[in-house]
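What follows is a single structure, written as structure tokens, with notes after it.
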Amino acid sequence: MSLAQDNRFEYKYLIEEATARSVRAFALVYLQRDRYADPKRDNAYPVHSLYLDSPAMDLCRATQHGHKNRFKLRVRFYDEDPEHPVFFEIKRRVNDVILKSRAAVRRSSILPLLAGHAPTLRDLAKPDAREFGALERFCRLRGVIGADGHAYISYLREAYASPDERVRVPFDRRIRGAPYNDVFQLPSAEEWVYPPVAGVVLELKFTERFPDWMGDMVRALNLQRGPMAKYVACIDSNPGLKGILAYEF
């Protein structure tokens with residue numbers, strides 16, 4: 001998965017499957033399938049994230065209340081292969097702009113870093129000054145708000161992208177959440193809760209300006225933007241996760 005730091009816009013839509021097929025057909029004129037598309041999963045692939053939050057769930061509440069300047073801390077991974085790294089990510093929103101930084105981290109370093117150990121270059125999958133800076137910022141923010149692992153959020157992603165990755169169109173399905181129990185391992189099947197998401201979560205991601213063809217597509221299909229925070233939606237649907245937070249799609 002890409003390690004680039006992205007400054008981009010993200011527009012979200014909740015759409016029906018029939019509309020998703022129309023969006024896919026439109027996007028394929030301009031984009032290509034994500035290189036990680038798995039034909040065995042209808043060209044989708046799993047995305048797993050461990051979301052961190054403070055004891056008062058400040059990060060979740062900032063999203064719930066629509067704060068214009070907010071951030072998320074998460075550990076993202078795509079499988080459970082012990083040889084594959086995970087990605088410590090900071091995702092910031094500054095008004096409508098999304099700024100994301102990430103660092104590829106060895107699996108053996110996950111629990112020590114989450115416990116508050118100071119990061120070192122040895123924690124990285126490969127030494128890289130920019131990624132080490134991202135990891136240091138992640139750990140500093142974690143310490144400032146006293147964040148700890150809170151919930152796993154998983155889904156299947158079908159995505160299309162331009163060759164330079166500056167434009168992406170992902171569709172997310174089968175969103176589910178489960179509590180984190182201080183073990184970095186996906187929970188068993190009975191621990192997952194599926195929030196009542198009425199459709200497919202579509203995101204239009206782009207840098208700089210909104211592509212003309214996306215504008216044509218939005219108008220032709222009458223797409224309506226709206227909030228869709230997977231972490232908050234799963235929290236609201238799972239009494240096993242701390243806090244009872246109202247969320248409207």
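Naming works like this for the structure tokens: A, B, ... for the chains as they're shown, residue 1 at the start of each chain, ligands 1 onward in shown order.
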Taking 6 positions as the minimum chain separation for residues in the same chain, which residues sit within 12 Å of A:Arg140 when counting only C-alpha atoms? Answer as number ranges by chain. A: 73, 90, 113-114, 116-119, 133-134, 146-147
For N, CA and C atoms, I'd like the residues from the last selection saved as a tab-separated table (two decimals), in the first residue's frame.
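Saved as result_24.tsv:
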```
chain	number	residue	atom	x	y	z
A	73	LEU	N	-6.30	8.91	15.05
A	73	LEU	CA	-5.12	8.07	15.20
A	73	LEU	C	-5.55	6.62	14.97
A	90	ILE	N	-1.85	9.18	11.03
A	90	ILE	CA	-2.56	10.37	11.53
A	90	ILE	C	-3.36	10.91	10.36
A	113	LEU	N	4.85	0.35	21.25
A	113	LEU	CA	4.54	1.73	20.88
A	113	LEU	C	3.19	2.16	21.44
A	114	LEU	N	2.20	1.26	21.38
A	114	LEU	CA	0.89	1.60	21.93
A	114	LEU	C	0.94	1.76	23.44
A	116	GLY	N	3.33	3.22	24.98
A	116	GLY	CA	3.98	4.47	25.31
A	116	GLY	C	5.48	4.49	25.16
A	117	HIS	N	6.07	3.41	24.66
A	117	HIS	CA	7.52	3.40	24.46
A	117	HIS	C	7.90	4.42	23.38
A	118	ALA	N	9.03	5.06	23.57
A	118	ALA	CA	9.49	6.03	22.58
A	118	ALA	C	9.89	5.31	21.29
A	119	PRO	N	9.50	5.83	20.14
A	119	PRO	CA	9.84	5.16	18.88
A	119	PRO	C	11.32	5.27	18.55
A	133	GLY	N	9.53	10.61	11.25
A	133	GLY	CA	8.89	11.83	11.73
A	133	GLY	C	7.40	11.63	11.93
A	134	ALA	N	6.75	10.90	11.00
A	134	ALA	CA	5.31	10.63	11.13
A	134	ALA	C	5.04	9.77	12.35
A	146	GLY	N	-3.60	10.89	25.88
A	146	GLY	CA	-3.74	9.64	26.63
A	146	GLY	C	-4.51	8.59	25.86
A	147	ALA	N	-4.31	8.54	24.55
A	147	ALA	CA	-5.08	7.62	23.71
A	147	ALA	C	-4.59	6.19	23.84
```
Leaving out A:Lys68 and any residue of its chain fewer than 2 positions from it, which residues lie within 9 Å of it when counting only C-alpha atoms, given as a PyMOL selection string? chain A and resi 62-63+66+70+93-96
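Residue nearest A:Gly143, chosen from A:Arg176, A:Gln185, A:Met217, A:Leu52 and counting only C-alpha atoms: A:Leu52.
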Each stretch 193-222 of chain A residue no farther than 9 Å from stretch 153-168 of chain A, nearest pair in Å, only C-alpha atoms, as a tab-separated table:
```
residue	atom	partner	partner_atom	distance
A:Glu203	CA	A:Arg168	CA	8.0
A:Leu204	CA	A:Arg168	CA	6.3
A:Lys205	CA	A:Arg168	CA	5.0
A:Phe206	CA	A:Val167	CA	4.5
A:Thr207	CA	A:Arg166	CA	5.8
A:Glu208	CA	A:Arg166	CA	8.9
A:Pro211	CA	A:Val167	CA	8.5
```
Find the residues near A:His48: any atom within 8 Å, counting only C-alpha atoms, skip ones fewer than 2 places away on the same chain, and give them as a list in words. Pro46, Leu50, Arg76, Phe77, Tyr78, Asp79, Tyr152, Ile153, Ser154 and Tyr155 of chain A
Find the residues near stretch 7-17 of chain A: any atom within 9 Å, counting only C-alpha atoms, skip ones fewer than 4 places away on the same chain, and give them as number ranges by chain. A: 21-22, 96-100, 166, 197-210, 223-228, 249
Dump as a PDB file, in the first residue's frame, selection limited to C-alpha atoms:
```
ATOM      1  CA  ARG A  21     -22.645   0.108 -10.627  1.00  0.00           C
ATOM      2  CA  SER A  22     -23.255   3.349 -12.516  1.00  0.00           C
ATOM      3  CA  ASP A  96     -12.316  20.482   3.856  1.00  0.00           C
ATOM      4  CA  VAL A  97      -8.699  19.406   3.342  1.00  0.00           C
ATOM      5  CA  ILE A  98      -7.484  15.973   4.439  1.00  0.00           C
ATOM      6  CA  LEU A  99      -3.830  15.580   5.444  1.00  0.00           C
ATOM      7  CA  LYS A 100      -2.625  12.055   6.088  1.00  0.00           C
ATOM      8  CA  ARG A 166      -4.002  11.687  -7.251  1.00  0.00           C
ATOM      9  CA  VAL A 197     -25.383   1.375   6.867  1.00  0.00           C
ATOM     10  CA  ALA A 198     -28.083   1.554   4.213  1.00  0.00           C
ATOM     11  CA  GLY A 199     -25.986   1.112   1.123  1.00  0.00           C
ATOM     12  CA  VAL A 200     -22.430   1.509  -0.150  1.00  0.00           C
ATOM     13  CA  VAL A 201     -20.055   4.179   1.151  1.00  0.00           C
ATOM     14  CA  LEU A 202     -18.586   6.001  -1.841  1.00  0.00           C
ATOM     15  CA  GLU A 203     -15.673   8.415  -1.559  1.00  0.00           C
ATOM     16  CA  LEU A 204     -14.418  10.774  -4.245  1.00  0.00           C
ATOM     17  CA  LYS A 205     -10.800  11.627  -3.437  1.00  0.00           C
ATOM     18  CA  PHE A 206      -8.743  14.163  -5.341  1.00  0.00           C
ATOM     19  CA  THR A 207      -5.933  16.666  -4.974  1.00  0.00           C
ATOM     20  CA  GLU A 208      -6.152  20.288  -6.069  1.00  0.00           C
ATOM     21  CA  ARG A 209      -9.427  20.801  -7.951  1.00  0.00           C
ATOM     22  CA  PHE A 210     -12.532  18.660  -8.373  1.00  0.00           C
ATOM     23  CA  LEU A 223     -25.262  12.154  -5.838  1.00  0.00           C
ATOM     24  CA  GLN A 224     -25.774  13.858  -2.483  1.00  0.00           C
ATOM     25  CA  ARG A 225     -22.813  14.405  -0.163  1.00  0.00           C
ATOM     26  CA  GLY A 226     -23.160  13.505   3.492  1.00  0.00           C
ATOM     27  CA  PRO A 227     -21.135  12.462   6.561  1.00  0.00           C
ATOM     28  CA  MET A 228     -20.158   8.826   6.987  1.00  0.00           C
ATOM     29  CA  PHE A 249     -25.969   9.470   8.227  1.00  0.00           C
TER      30      PHE A 249
END
```
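Going from atom CA of A:Ala115 to atom CA of A:Lys91 covers 20.6 Å.
Minimum atom-to-atom distances from A:Val75, A:Val218, A:Ala233, A:Val183 to A:Asp53 were compared using only C-alpha atoms, and the lowest value belongs to A:Val75.
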Option closest in space to A:Glu136, from A:Ala151, A:Arg107, A:Glu190, A:Phe88 [counting only C-alpha atoms]: A:Phe88
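With atom CA of A:Val232 on one side and atom CA of A:His67 on the other, the separation reads 13.6 Å.
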So which residues of stretch 105-231 of chain A fall under helix (DSSP H, G or I) by DSSP, listed as a PyMOL selection string? chain A and resi 107-114+121-123+129-145+189-191+212-221+230-231
DSSP on the backbone, then: every residue of stretch 152-233 of chain A marked strand (DSSP E), written as a ChimeraX atom specification. /A:152-161,167-179,200-206
Using only C-alpha atoms, which residue out of A:Val105, A:Ile235, A:Cys139, A:Val169 lies closest to A:Leu31? A:Val169
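Distances here use only C-alpha atoms; by that measure, the residue among A:Ala125, A:Ala220, A:Cys234, A:Ala229 closest to A:Phe26 is A:Ala220.
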